[in-house]
Amino acid sequence: MGIRSGARLAEPRYSQSLETGLLIMQGFTSQRPVQGIADVADQMEASRSTIHRYMTTLVALGMLEQDPRSRRYRVGLLPADLGKAVLEVDRVVAAIGPTMQRLRRQTGCTVRLGVLEGTGALIVGSQRSWEKGQGLLGVQLRRGARLPCHCTAIGKVLLSTMEPRALREWLSSTALRRHTPGTVVGKRSLTDLLATVAEHGVAEEDEEHEQGVVGIAVPVSDSAGAPAAALGLIAHLPDITLEQ
């Protein structure tokens, strides 16, 4: 197969069908922006009927578009939209970087920026206070770390900015795990708490995710004024109290 990946995961949950679809997408490059079934089949070293089935699915999902006259394919709008979303996050991170540095200097706390990803909060930016953040917290402050939403200040802010229907779907599909005695695990209680966060524009974290750790967070808007991320301060007790 001309664009086959080098290795597959040796475990039963690995999806070869998904891999094939992604490899088809990778075959559309600046040198080959428009291709037909035969072109892709030759690259993949697969039958045309098999490739046609995959590409029909990719068109239905918005990953590919087909010209009705030539019957040839090009990359669809969905990958472009996903790329724009990534770029928007990068723009937010770059724009707020100086503010994060200033907050770290002024407060001595670790500053982190998170976005909603699936059922959790993804840390996309961090200005870490090297004197703080030991143990479990130190791992979860790094860029790329994923945190539960229901018991972190950043997560609560992100949930509070969701549309009501999306929030209901999130609540119905997410198990609220208890991390400490202070973790809110009741969905009605969490809903009421999120309404308060939305009203005041700030969320608190009072030893709910990790004992001895407190934090606050506020929403950050993108260039269009829509909520895009959450900016938070995190610290250990007794170095600083939640009230401070």
# chains A, B, ... in the order shown; residues from 1 in each chain; ligands from 1
$ residues_around --residues "A:Met44" --least-positions-apart "2" --cutoff "12 Å" --atoms "only C-alpha atoms" --output "PyMOL selection string"
chain A and resi 1-5+19-27+37-42+46-48+50-52+54
$ residues_around --residues "A:Met63" --least-positions-apart "2" --cutoff "8 Å" --atoms "only C-alpha atoms" --output "ChimeraX atom specification"
/A:25,58-61,65,75-79
$ residues_around --residues "A:Val157" --least-positions-apart "6" --cutoff "12 Å" --atoms "only C-alpha atoms" --output "PyMOL selection string"
chain A and resi 113-116+120-121+148-151+190+193-205+215-221+227-232
$ closest_residue --among "A:Thr57, A:Ser223, A:Gln43, A:Ser160" --to "A:Ile96" --atoms "only C-alpha atoms"
A:Ser223
$ select_by_dssp --residues "stretch 5-231 of chain A" --states "helix (DSSP H, G or I)" --output "PyMOL selection string"
chain A and resi 16-26+37-44+48-60+77-107+135-140+153-160+164-173+187-200
$ closest_residue --among "A:His209, A:Lys156, A:Arg128, A:Arg165" --to "A:Arg177" --atoms "only C-alpha atoms"
A:His209
$ residues_around --residues "A:Gly36" --least-positions-apart "6" --cutoff "9 Å" --atoms "only C-alpha atoms" --output "ChimeraX atom specification"
/A:70-74
$ write_last_selection --atoms "all heavy atoms" --output "PDB file, in the first residue's frame"
ATOM      1  N   SER A  70     -17.036  15.908 -12.911  1.00  0.00           N
ATOM      2  CA  SER A  70     -15.861  15.070 -13.162  1.00  0.00           C
ATOM      3  C   SER A  70     -15.868  13.793 -12.341  1.00  0.00           C
ATOM      4  O   SER A  70     -15.136  12.858 -12.659  1.00  0.00           O
ATOM      5  CB  SER A  70     -14.587  15.861 -12.849  1.00  0.00           C
ATOM      6  OG  SER A  70     -14.478  16.102 -11.449  1.00  0.00           O
ATOM      7  N   ARG A  71     -16.689  13.757 -11.253  1.00  0.00           N
ATOM      8  CA  ARG A  71     -16.771  12.624 -10.334  1.00  0.00           C
ATOM      9  C   ARG A  71     -15.476  12.430  -9.545  1.00  0.00           C
ATOM     10  O   ARG A  71     -15.257  11.383  -8.959  1.00  0.00           O
ATOM     11  CB  ARG A  71     -17.112  11.326 -11.072  1.00  0.00           C
ATOM     12  CG  ARG A  71     -18.324  11.417 -11.989  1.00  0.00           C
ATOM     13  CD  ARG A  71     -19.581  11.812 -11.244  1.00  0.00           C
ATOM     14  NE  ARG A  71     -20.003  10.780 -10.294  1.00  0.00           N
ATOM     15  CZ  ARG A  71     -20.979  10.950  -9.410  1.00  0.00           C
ATOM     16  NH1 ARG A  71     -21.612  12.124  -9.336  1.00  0.00           N
ATOM     17  NH2 ARG A  71     -21.308   9.965  -8.591  1.00  0.00           N
ATOM     18  N   ARG A  72     -14.619  13.435  -9.562  1.00  0.00           N
ATOM     19  CA  ARG A  72     -13.375  13.357  -8.817  1.00  0.00           C
ATOM     20  C   ARG A  72     -13.539  14.012  -7.440  1.00  0.00           C
ATOM     21  O   ARG A  72     -14.513  14.740  -7.203  1.00  0.00           O
ATOM     22  CB  ARG A  72     -12.237  14.008  -9.614  1.00  0.00           C
ATOM     23  CG  ARG A  72     -11.864  13.190 -10.852  1.00  0.00           C
ATOM     24  CD  ARG A  72     -10.954  13.964 -11.791  1.00  0.00           C
ATOM     25  NE  ARG A  72      -9.644  14.214 -11.220  1.00  0.00           N
ATOM     26  CZ  ARG A  72      -8.645  13.320 -11.180  1.00  0.00           C
ATOM     27  NH1 ARG A  72      -8.827  12.104 -11.681  1.00  0.00           N
ATOM     28  NH2 ARG A  72      -7.479  13.635 -10.666  1.00  0.00           N
ATOM     29  N   TYR A  73     -12.599  13.774  -6.552  1.00  0.00           N
ATOM     30  CA  TYR A  73     -12.746  14.151  -5.146  1.00  0.00           C
ATOM     31  C   TYR A  73     -11.687  15.154  -4.719  1.00  0.00           C
ATOM     32  O   TYR A  73     -10.570  15.171  -5.236  1.00  0.00           O
ATOM     33  CB  TYR A  73     -12.626  12.899  -4.257  1.00  0.00           C
ATOM     34  CG  TYR A  73     -13.687  11.864  -4.505  1.00  0.00           C
ATOM     35  CD1 TYR A  73     -13.561  10.962  -5.566  1.00  0.00           C
ATOM     36  CD2 TYR A  73     -14.809  11.762  -3.686  1.00  0.00           C
ATOM     37  CE1 TYR A  73     -14.527   9.994  -5.803  1.00  0.00           C
ATOM     38  CE2 TYR A  73     -15.774  10.794  -3.913  1.00  0.00           C
ATOM     39  CZ  TYR A  73     -15.622   9.918  -4.969  1.00  0.00           C
ATOM     40  OH  TYR A  73     -16.575   8.965  -5.192  1.00  0.00           O
ATOM     41  N   ARG A  74     -12.066  15.971  -3.739  1.00  0.00           N
ATOM     42  CA  ARG A  74     -11.135  16.885  -3.087  1.00  0.00           C
ATOM     43  C   ARG A  74     -11.489  16.921  -1.604  1.00  0.00           C
ATOM     44  O   ARG A  74     -12.558  16.453  -1.189  1.00  0.00           O
ATOM     45  CB  ARG A  74     -11.217  18.282  -3.685  1.00  0.00           C
ATOM     46  CG  ARG A  74     -12.578  18.948  -3.515  1.00  0.00           C
ATOM     47  CD  ARG A  74     -12.546  20.421  -3.918  1.00  0.00           C
ATOM     48  NE  ARG A  74     -12.038  20.601  -5.254  1.00  0.00           N
ATOM     49  CZ  ARG A  74     -12.791  20.539  -6.360  1.00  0.00           C
ATOM     50  NH1 ARG A  74     -14.098  20.268  -6.256  1.00  0.00           N
ATOM     51  NH2 ARG A  74     -12.273  20.728  -7.544  1.00  0.00           N
TER      52      ARG A  74
END
$ residues_around --residues "A:Arg168" --least-positions-apart "5" --cutoff "12 Å" --atoms "only C-alpha atoms" --output "JSON, numbers by chain"
{"A": [159, 160, 162, 163, 173, 174, 187, 188, 190, 191, 194]}
$ decode --residues "stretch 13-65 of chain A" --atoms "C-alpha atoms" --output "mmCIF file, in the first residue's frame"
data_model
loop_
_atom_site.group_PDB
_atom_site.id
_atom_site.type_symbol
_atom_site.label_atom_id
_atom_site.label_comp_id
_atom_site.auth_asym_id
_atom_site.auth_seq_id
_atom_site.Cartn_x
_atom_site.Cartn_y
_atom_site.Cartn_z
ATOM 1 C CA ARG A 13 -9.488 -2.303 19.846
ATOM 2 C CA TYR A 14 -7.403 -0.903 16.987
ATOM 3 C CA SER A 15 -9.637 0.014 14.031
ATOM 4 C CA GLN A 16 -8.130 -0.809 10.655
ATOM 5 C CA SER A 17 -11.166 0.711 8.937
ATOM 6 C CA LEU A 18 -10.538 4.041 10.638
ATOM 7 C CA GLU A 19 -6.875 3.795 9.721
ATOM 8 C CA THR A 20 -7.776 3.246 6.057
ATOM 9 C CA GLY A 21 -10.055 6.274 6.036
ATOM 10 C CA LEU A 22 -7.365 8.474 7.547
ATOM 11 C CA LEU A 23 -4.753 7.184 5.106
ATOM 12 C CA ILE A 24 -7.067 8.077 2.228
ATOM 13 C CA MET A 25 -7.325 11.610 3.606
ATOM 14 C CA GLN A 26 -3.542 11.836 3.960
ATOM 15 C CA GLY A 27 -3.215 11.032 0.240
ATOM 16 C CA PHE A 28 -4.790 14.387 -0.689
ATOM 17 C CA THR A 29 -1.838 16.785 -0.744
ATOM 18 C CA SER A 30 -0.922 20.061 -2.397
ATOM 19 C CA GLN A 31 0.608 17.983 -5.206
ATOM 20 C CA ARG A 32 -2.522 15.814 -5.481
ATOM 21 C CA PRO A 33 -5.450 18.022 -4.425
ATOM 22 C CA VAL A 34 -7.997 16.333 -6.725
ATOM 23 C CA GLN A 35 -8.151 12.586 -7.261
ATOM 24 C CA GLY A 36 -10.413 9.899 -8.624
ATOM 25 C CA ILE A 37 -11.227 6.454 -7.286
ATOM 26 C CA ALA A 38 -8.573 4.847 -9.519
ATOM 27 C CA ASP A 39 -5.878 7.259 -8.303
ATOM 28 C CA VAL A 40 -6.543 6.506 -4.657
ATOM 29 C CA ALA A 41 -6.938 2.766 -5.249
ATOM 30 C CA ASP A 42 -3.525 2.653 -6.922
ATOM 31 C CA GLN A 43 -1.894 4.547 -4.040
ATOM 32 C CA MET A 44 -3.549 2.324 -1.440
ATOM 33 C CA GLU A 45 -2.954 -0.856 -3.434
ATOM 34 C CA ALA A 46 -6.590 -1.748 -2.871
ATOM 35 C CA SER A 47 -9.561 -2.603 -5.069
ATOM 36 C CA ARG A 48 -11.561 0.241 -6.581
ATOM 37 C CA SER A 49 -14.787 -1.079 -5.095
ATOM 38 C CA THR A 50 -13.291 -1.008 -1.597
ATOM 39 C CA ILE A 51 -11.918 2.510 -2.010
ATOM 40 C CA HIS A 52 -15.210 3.695 -3.505
ATOM 41 C CA ARG A 53 -17.028 2.496 -0.385
ATOM 42 C CA TYR A 54 -14.643 4.333 1.912
ATOM 43 C CA MET A 55 -14.719 7.541 -0.098
ATOM 44 C CA THR A 56 -18.512 7.528 -0.272
ATOM 45 C CA THR A 57 -18.521 7.423 3.535
ATOM 46 C CA LEU A 58 -15.958 10.237 3.747
ATOM 47 C CA VAL A 59 -18.130 12.384 1.476
ATOM 48 C CA ALA A 60 -21.169 11.721 3.669
ATOM 49 C CA LEU A 61 -19.157 12.812 6.722
ATOM 50 C CA GLY A 62 -17.981 16.021 5.070
ATOM 51 C CA MET A 63 -14.348 14.957 4.968
ATOM 52 C CA LEU A 64 -14.315 14.827 1.157
ATOM 53 C CA GLU A 65 -16.284 16.537 -1.630
#
